[in-house]
>>> print(open('input.pdb').read())   # PDB, C-alpha atoms and all ligand atoms
ATOM      1  CA  MET A  30       0.000   0.000   0.000
ATOM      2  CA  VAL A  31       2.072   2.915  -1.233
ATOM      3  CA  PHE A  32       0.377   6.199  -1.962
ATOM      4  CA  ASP A  33       2.742   8.287  -4.040
ATOM      5  CA  THR A  34       2.146  12.017  -3.560
ATOM      6  CA  GLN A  35       4.841  13.255  -5.988
ATOM      7  CA  ALA A  36       2.439  14.182  -8.803
ATOM      8  CA  LEU A  37       0.028  15.873  -6.380
ATOM      9  CA  ASN A  38       2.835  17.950  -4.879
ATOM     10  CA  LYS A  39       3.951  19.152  -8.310
ATOM     11  CA  GLN A  40       0.473  20.648  -8.796
ATOM     12  CA  ARG A  41       0.260  22.354  -5.402
ATOM     13  CA  GLN A  42       2.688  25.258  -5.670
ATOM     14  CA  ASN A  43       4.281  26.582  -8.806
ATOM     15  CA  LEU A  44       7.826  26.715  -7.490
ATOM     16  CA  THR A  45       9.239  28.028 -10.744
ATOM     17  CA  ASP A  46       7.727  31.374  -9.702
ATOM     18  CA  PHE A  47      10.449  31.560  -7.029
ATOM     19  CA  ASP A  48      14.244  31.464  -7.287
ATOM     20  CA  ASP A  49      14.402  29.812  -3.919
ATOM     21  CA  THR A  50      12.145  29.085  -0.998
ATOM     22  CA  TRP A  51      12.275  27.926   2.604
ATOM     23  CA  VAL A  52      11.297  24.445   3.742
ATOM     24  CA  PHE A  53      10.638  23.607   7.385
ATOM     25  CA  GLY A  54      11.774  20.192   8.663
ATOM     26  CA  TYR A  55      10.507  18.656  11.909
ATOM     27  CA  GLY A  56      11.395  14.952  11.500
ATOM     28  CA  SER A  57      14.132  13.272   9.507
ATOM     29  CA  LEU A  58      14.709  16.534   7.640
ATOM     30  CA  ILE A  59      16.253  17.851  10.877
ATOM     31  CA  TYR A  60      19.015  15.251  11.064
ATOM     32  CA  LYS A  61      19.361  13.805   7.557
ATOM     33  CA  VAL A  62      20.194  16.721   5.308
ATOM     34  CA  ASP A  63      20.895  15.004   1.989
ATOM     35  CA  PHE A  64      20.122  18.042  -0.185
ATOM     36  CA  ASP A  65      21.862  21.271  -1.151
ATOM     37  CA  HIS A  66      20.750  24.382   0.689
ATOM     38  CA  ILE A  67      21.587  28.051   0.573
ATOM     39  CA  ALA A  68      20.937  28.672   4.275
ATOM     40  CA  CYS A  69      19.871  26.714   7.365
ATOM     41  CA  GLU A  70      18.512  28.086  10.639
ATOM     42  CA  ASN A  71      16.821  26.753  13.722
ATOM     43  CA  ALA A  72      13.170  27.691  13.491
ATOM     44  CA  HIS A  73       9.700  27.028  14.789
ATOM     45  CA  ILE A  74       6.142  27.005  13.521
ATOM     46  CA  HIS A  75       2.948  27.647  15.446
ATOM     47  CA  GLY A  76      -0.175  25.518  15.775
ATOM     48  CA  PHE A  77       1.285  22.026  15.301
ATOM     49  CA  GLU A  78       2.821  19.156  17.283
ATOM     50  CA  ARG A  79       4.875  16.181  16.102
ATOM     51  CA  ARG A  80       3.261  12.721  16.232
ATOM     52  CA  PHE A  81       4.442   9.238  15.166
ATOM     53  CA  TRP A  82       1.165   8.710  13.346
ATOM     54  CA  GLN A  83       2.351   8.236   9.759
ATOM     55  CA  GLY A  84       3.086   4.819   8.306
ATOM     56  CA  SER A  85       6.411   4.309   6.547
ATOM     57  CA  HIS A  86       6.268   1.730   3.771
ATOM     58  CA  ASP A  87       9.289   3.007   1.875
ATOM     59  CA  HIS A  88      11.922   4.228   4.360
ATOM     60  CA  ARG A  89      11.587   2.722   7.849
ATOM     61  CA  GLY A  90       9.252  -0.150   7.063
ATOM     62  CA  THR A  91       7.870  -2.129   4.143
ATOM     63  CA  PRO A  92       4.421  -2.384   2.525
ATOM     64  CA  GLU A  93       3.896  -5.644   4.446
ATOM     65  CA  LYS A  94       5.218  -4.287   7.744
ATOM     66  CA  PRO A  95       5.086  -0.480   7.881
ATOM     67  CA  GLY A  96       7.109   1.488  10.365
ATOM     68  CA  ARG A  97       5.997   4.680  12.094
ATOM     69  CA  VAL A  98       7.371   8.112  11.282
ATOM     70  CA  LEU A  99       6.421  11.660  12.133
ATOM     71  CA  THR A 100       3.736  13.910  10.853
ATOM     72  CA  LEU A 101       2.241  17.089  12.310
ATOM     73  CA  THR A 102      -1.151  17.413  13.926
ATOM     74  CA  PRO A 103      -2.879  20.754  14.550
ATOM     75  CA  VAL A 104      -2.872  21.752  18.233
ATOM     76  CA  GLU A 105      -4.066  25.201  19.246
ATOM     77  CA  GLY A 106      -1.369  27.265  20.941
ATOM     78  CA  ALA A 107       1.386  24.717  20.212
ATOM     79  CA  THR A 108       4.862  25.502  18.936
ATOM     80  CA  CYS A 109       6.968  22.998  17.013
ATOM     81  CA  PHE A 110      10.745  23.339  16.821
ATOM     82  CA  GLY A 111      12.594  22.371  13.652
ATOM     83  CA  LYS A 112      15.106  23.475  11.067
ATOM     84  CA  ALA A 113      14.447  25.778   8.136
ATOM     85  CA  PHE A 114      16.394  25.398   4.907
ATOM     86  CA  LYS A 115      16.514  27.907   2.086
ATOM     87  CA  VAL A 116      16.673  25.836  -1.102
ATOM     88  CA  GLU A 117      16.571  26.272  -4.838
ATOM     89  CA  HIS A 118      13.300  25.068  -6.309
ATOM     90  CA  GLN A 119      14.947  22.069  -8.051
ATOM     91  CA  VAL A 120      15.591  20.599  -4.582
ATOM     92  CA  PHE A 121      11.853  19.918  -4.291
ATOM     93  CA  ASP A 122      12.186  17.155  -6.890
ATOM     94  CA  HIS A 123      14.370  15.325  -4.406
ATOM     95  CA  LEU A 124      12.243  16.259  -1.375
ATOM     96  CA  ASP A 125       8.971  15.306  -3.097
ATOM     97  CA  HIS A 126      10.484  11.895  -3.850
ATOM     98  CA  ARG A 127      11.807  11.467  -0.331
ATOM     99  CA  GLU A 128       8.467  12.476   1.244
ATOM    100  CA  LYS A 129       6.274  10.719  -1.331
ATOM    101  CA  ASN A 130       4.597   8.266   1.043
ATOM    102  CA  GLY A 131       1.580  10.415   1.882
ATOM    103  CA  TYR A 132       3.083  13.848   2.570
ATOM    104  CA  LEU A 133       1.762  16.993   0.892
ATOM    105  CA  ARG A 134       3.478  20.373   0.864
ATOM    106  CA  HIS A 135       1.684  23.113   2.791
ATOM    107  CA  SER A 136       2.463  26.820   3.036
ATOM    108  CA  ILE A 137       3.446  27.948   6.509
ATOM    109  CA  ASP A 138       4.894  30.921   8.364
ATOM    110  CA  ILE A 139       8.348  29.922   9.589
ATOM    111  CA  HIS A 140       9.814  31.793  12.549
ATOM    112  CA  LEU A 141      13.573  31.790  12.073
ATOM    113  CA  SER A 142      15.969  31.958  15.018
ATOM    114  CA  SER A 143      17.288  35.186  13.493
ATOM    115  CA  ASN A 144      13.888  36.690  14.379
ATOM    116  CA  ARG A 145      12.601  36.894  10.810
ATOM    117  CA  ILE A 146       9.324  35.341   9.740
ATOM    118  CA  VAL A 147       9.398  33.845   6.250
ATOM    119  CA  GLN A 148       6.748  32.036   4.274
ATOM    120  CA  GLY A 149       7.830  28.538   3.337
ATOM    121  CA  LEU A 150       6.669  24.973   2.870
ATOM    122  CA  VAL A 151       6.307  22.024   5.200
ATOM    123  CA  TYR A 152       5.500  18.373   4.379
ATOM    124  CA  ILE A 153       2.479  17.119   6.322
ATOM    125  CA  ALA A 154       0.864  13.676   6.123
ATOM    126  CA  SER A 155      -2.784  14.251   6.953
ATOM    127  CA  PRO A 156      -5.331  11.657   8.138
ATOM    128  CA  ASP A 157      -6.784  11.200   4.640
ATOM    129  CA  ASN A 158      -3.607   9.724   3.142
ATOM    130  CA  ALA A 159      -3.429   6.000   2.432
ATOM    131  CA  ALA A 160      -0.361   5.433   4.607
ATOM    132  CA  TYR A 161      -1.783   7.157   7.700
ATOM    133  CA  LEU A 162      -1.836   5.038  10.861
ATOM    134  CA  GLY A 163      -3.070   7.569  13.391
ATOM    135  CA  HIS A 164      -3.146   7.524  17.155
ATOM    136  CA  ALA A 165      -1.952   4.564  19.195
ATOM    137  CA  SER A 166      -0.678   4.193  22.744
ATOM    138  CA  ILE A 167       2.939   5.154  23.497
ATOM    139  CA  GLU A 168       3.649   1.467  24.232
ATOM    140  CA  ASP A 169       2.184   0.261  20.928
ATOM    141  CA  ILE A 170       4.023   2.921  18.933
ATOM    142  CA  ALA A 171       7.309   1.988  20.673
ATOM    143  CA  LYS A 172       6.697  -1.693  19.937
ATOM    144  CA  GLN A 173       5.987  -1.057  16.253
ATOM    145  CA  ILE A 174       9.082   1.150  15.926
ATOM    146  CA  LEU A 175      11.259  -1.440  17.653
ATOM    147  CA  ASN A 176      10.099  -4.138  15.237
ATOM    148  CA  SER A 177      10.275  -2.209  11.952
ATOM    149  CA  SER A 178      12.966  -1.510   9.413
ATOM    150  CA  GLY A 179      13.111  -0.583   5.756
ATOM    151  CA  PRO A 180      15.399   0.608   2.950
ATOM    152  CA  SER A 181      16.525   3.677   4.971
ATOM    153  CA  GLY A 182      17.366   1.634   8.042
ATOM    154  CA  GLU A 183      15.881   0.633  11.349
ATOM    155  CA  ASN A 184      12.840   2.543  12.516
ATOM    156  CA  LYS A 185      14.328   3.006  15.987
ATOM    157  CA  ASP A 186      17.252   4.921  14.504
ATOM    158  CA  TYR A 187      14.792   7.470  13.052
ATOM    159  CA  LEU A 188      13.464   7.966  16.591
ATOM    160  CA  PHE A 189      16.882   8.056  18.293
ATOM    161  CA  GLN A 190      18.450  10.450  15.799
ATOM    162  CA  LEU A 191      15.503  12.817  16.047
ATOM    163  CA  ALA A 192      15.501  12.674  19.876
ATOM    164  CA  ASP A 193      19.275  13.330  19.929
ATOM    165  CA  ALA A 194      18.871  16.274  17.561
ATOM    166  CA  LEU A 195      16.167  17.747  19.803
ATOM    167  CA  ARG A 196      18.336  17.336  22.902
ATOM    168  CA  ALA A 197      21.296  18.926  21.107
ATOM    169  CA  ASN A 198      19.100  21.983  20.668
ATOM    170  CA  ASN A 199      17.742  21.888  24.249
ATOM    171  CA  GLU A 200      14.288  21.115  22.891
ATOM    172  CA  VAL A 201      11.790  18.957  24.770
ATOM    173  CA  ASP A 202       9.142  16.976  22.896
ATOM    174  CA  GLU A 203       7.128  14.909  25.361
ATOM    175  CA  HIS A 204       5.631  12.620  22.711
ATOM    176  CA  VAL A 205       9.023  11.788  21.158
ATOM    177  CA  PHE A 206      10.806  11.376  24.500
ATOM    178  CA  ALA A 207       8.018   9.198  25.953
ATOM    179  CA  ILE A 208       8.251   6.815  22.983
ATOM    180  CA  GLU A 209      12.045   6.789  23.238
ATOM    181  CA  LYS A 210      11.803   5.859  26.925
ATOM    182  CA  ALA A 211       9.182   3.157  26.296
ATOM    183  CA  LEU A 212      11.295   1.705  23.512
ATOM    184  CA  CYS A 213      14.482   1.711  25.624
ATOM    185  CA  ASP A 214      12.647   0.049  28.540
ATOM    186  CA  ARG A 215      11.266  -2.596  26.195
ATOM    187  CA  TYR A 216      14.608  -3.036  24.396
ATOM    188  CA  SER A 217      16.542  -3.568  27.619
ATOM    189  CA  ASN A 218      14.006  -6.295  28.552
ATOM    190  CA  SER A 219      14.040  -7.858  25.110
ATOM    191  CA  PRO A 220      15.339 -11.435  24.882
ATOM    192  CA  GLN A 221      17.003 -10.492  21.556
ATOM    193  CA  VAL A 222      19.500  -8.283  23.364
ATOM    194  CA  ASN A 223      22.748  -9.974  24.234
ATOM    195  CA  ASN A 224      23.891  -8.367  27.480
ATOM    196  CA  THR A 225      27.179 -10.246  27.763
TER     197      THR A 225
HETATM  198  C1  LIG A 301      10.098  16.308   8.012
HETATM  199  O1  LIG A 301      11.135  15.846   8.493
HETATM  200  O2  LIG A 301       9.911  17.546   7.996
HETATM  201  C2  LIG A 301       9.051  15.450   7.393
HETATM  202  C3  LIG A 301       8.898  14.113   7.981
HETATM  203  C4  LIG A 301      10.090  13.222   7.815
HETATM  204  O3  LIG A 301      10.627  13.115   6.701
HETATM  205  O4  LIG A 301      10.522  12.618   8.790
END
>>> encode(input="input.pdb", output="structure tokens", more="lines below")
Ligand code: SIN
Amino acid sequence: MVFDTQALNKQRQNLTDFDDTWVFGYGSLIYKVDFDHIACENAHIHGFERRFWQGSHDHRGTPEKPGRVLTLTPVEGATCFGKAFKVEHQVFDHLDHREKNGYLRHSIDIHLSSNRIVQGLVYIASPDNAAYLGHASIEDIAKQILNSSGPSGENKDYLFQLADALRANNEVDEHVFAIEKALCDRYSNSPQVNNT
């Protein structure tokens, strides 16, 4: 079950109108920067929180056994930390491919750490996409992440790298850190782990 959003994204914003634009990253785009950029700044957006509610059939799981990756959910009064990248519009070919499993580009005001507010784009996987998994308990999400892997690697490394990147920026995300803790507790009790 792969729902490829690349063609839809191409129709959403006519990027050729701009020489460059900003993109806001809140998940793997924070720690895996495999694209050219003109500038990068810490940033935040208002009105959203991160959630491990999106299925990953192409990166951290498979169509038969999807992993769980981040999307954003609207929460009034919330602030979400991330990184903003100023990129040339050709970079969106790469980003649209990377985020093709259900994510659509949305326009958003990005608050840069340099105190400027710029309009940019953010990839959000909303509940109507075919790969959406939605809410589950912290324990169940941790269990699914622990047991999933795909072409981009183990699902738990997505979680750990994101949590480390947040800590490196003195950012607290209760949802992410609670899943990390549940996964570590479970992992340390797992019979697969060789403690010798
Ligand atoms: C993002 O990082 O901004 C989108 C979600 C992801 O690729 O993890």
>>> resolve_selection(input="input.pdb", expression="the PyMOL selection byres (((chain A and resi 133-136) around 8) and not hetatm)", output="VMD selection string")
chain A and resid 34 37 to 38 41 131 to 132 137 to 138 148 to 154
>>> atom_distance(input="input.pdb", atom1="CA of Asn43 (chain A)", atom2="CA of Asn71 (chain A)")
25.8 Å
>>> axis_aligned_box(input="input.pdb", around="region 80-84 of chain A", padding_each_side="6 Å", output="JSON")
{"center_x": 2.8, "center_y": 8.8, "center_z": 12.3, "size_x": 15.3, "size_y": 19.9, "size_z": 19.9}
>>> residues_around(input="input.pdb", residues="Glu203 (chain A)", least_positions_apart="4", cutoff="12 Å", atoms="only C-alpha atoms", output="PyMOL selection string")
chain A and resi 78-81+109+167+192+195-196+207-211
>>> write_last_selection(input="input.pdb", atoms="C-alpha atoms", output="PDB file, in the frame of the given file")
ATOM      1  CA  GLU A  78       2.821  19.156  17.283  1.00  0.00           C
ATOM      2  CA  ARG A  79       4.875  16.181  16.102  1.00  0.00           C
ATOM      3  CA  ARG A  80       3.261  12.721  16.232  1.00  0.00           C
ATOM      4  CA  PHE A  81       4.442   9.238  15.166  1.00  0.00           C
ATOM      5  CA  CYS A 109       6.968  22.998  17.013  1.00  0.00           C
ATOM      6  CA  ILE A 167       2.939   5.154  23.497  1.00  0.00           C
ATOM      7  CA  ALA A 192      15.501  12.674  19.876  1.00  0.00           C
ATOM      8  CA  LEU A 195      16.167  17.747  19.803  1.00  0.00           C
ATOM      9  CA  ARG A 196      18.336  17.336  22.902  1.00  0.00           C
ATOM     10  CA  ALA A 207       8.018   9.198  25.953  1.00  0.00           C
ATOM     11  CA  ILE A 208       8.251   6.815  22.983  1.00  0.00           C
ATOM     12  CA  GLU A 209      12.045   6.789  23.238  1.00  0.00           C
ATOM     13  CA  LYS A 210      11.803   5.859  26.925  1.00  0.00           C
ATOM     14  CA  ALA A 211       9.182   3.157  26.296  1.00  0.00           C
TER      15      ALA A 211
END
>>> residues_around(input="input.pdb", residues="Cys213 (chain A)", least_positions_apart="5", cutoff="12 Å", atoms="all atoms listed in the file", output="list of chain:residue names")
A:Glu168, A:Ala171, A:Lys172, A:Ile174, A:Leu175, A:Lys185, A:Asp186, A:Leu188, A:Phe189, A:Phe206, A:Ala207, A:Ile208, A:Asn218, A:Ser219, A:Val222
>>> atom_distance(input="input.pdb", atom1="CA of Glu70 (chain A)", atom2="CA of Glu200 (chain A)")
14.7 Å
>>> closest_residue(input="input.pdb", among="A:Leu44, A:Ala159, A:Val147, A:Ala194", to="ligand LIG 301 (chain A)", atoms="only C-alpha atoms and all ligand atoms")
A:Ala194
>>> residues_near_ligand(input="input.pdb", ligand="ligand LIG 301 (chain A)", cutoff="7 Å", atoms="all atoms listed in the file", output="PDB file with C-alpha atoms, in the frame of the given file")
ATOM      1  CA  PHE A  53      10.638  23.607   7.385  1.00  0.00           C
ATOM      2  CA  GLY A  54      11.774  20.192   8.663  1.00  0.00           C
ATOM      3  CA  TYR A  55      10.507  18.656  11.909  1.00  0.00           C
ATOM      4  CA  GLY A  56      11.395  14.952  11.500  1.00  0.00           C
ATOM      5  CA  SER A  57      14.132  13.272   9.507  1.00  0.00           C
ATOM      6  CA  LEU A  58      14.709  16.534   7.640  1.00  0.00           C
ATOM      7  CA  ILE A  59      16.253  17.851  10.877  1.00  0.00           C
ATOM      8  CA  VAL A  98       7.371   8.112  11.282  1.00  0.00           C
ATOM      9  CA  LEU A  99       6.421  11.660  12.133  1.00  0.00           C
ATOM     10  CA  THR A 100       3.736  13.910  10.853  1.00  0.00           C
ATOM     11  CA  GLU A 128       8.467  12.476   1.244  1.00  0.00           C
ATOM     12  CA  VAL A 151       6.307  22.024   5.200  1.00  0.00           C
ATOM     13  CA  TYR A 152       5.500  18.373   4.379  1.00  0.00           C
ATOM     14  CA  ILE A 153       2.479  17.119   6.322  1.00  0.00           C
TER      15      ILE A 153
END
>>> closest_residue(input="input.pdb", among="A:His126, A:Arg97, A:Arg89, A:His66", to="His164 (chain A)", atoms="all atoms listed in the file")
A:Arg97
>>> residues_near_point(input="input.pdb", point="(11.8, 34.8, 11.2)", cutoff="10 Å", atoms="all atoms listed in the file", output="MDAnalysis selection string")
chainID A and resid 70:74 113 138:148
>>> atom_distance(input="input.pdb", atom1="CA of Ser178 (chain A)", atom2="CA of Gly84 (chain A)")
11.8 Å
>>> closest_residue(input="input.pdb", among="A:Val62, A:Ile170, A:Cys69, A:Ala160", to="Phe114 (chain A)", atoms="only C-alpha atoms")
A:Cys69
>>> closest_residue(input="input.pdb", among="A:Gly90, A:Gly111, A:Gly76, A:Pro103", to="Asn199 (chain A)", atoms="all atoms listed in the file")
A:Gly111
>>> closest_residue(input="input.pdb", among="A:His86, A:Lys39, A:His75, A:Lys61", to="Asp122 (chain A)", atoms="all atoms listed in the file")
A:Lys39
>>> closest_residue(input="input.pdb", among="A:Tyr161, A:Trp51, A:Phe77, A:Phe110", to="Gly96 (chain A)", atoms="only C-alpha atoms")
A:Tyr161
>>> resolve_selection(input="input.pdb", expression="the PyMOL selection byres (((chain A and resi 48) around 10) and not hetatm)", output="number ranges by chain")
A: 44-47, 49-50, 116-119
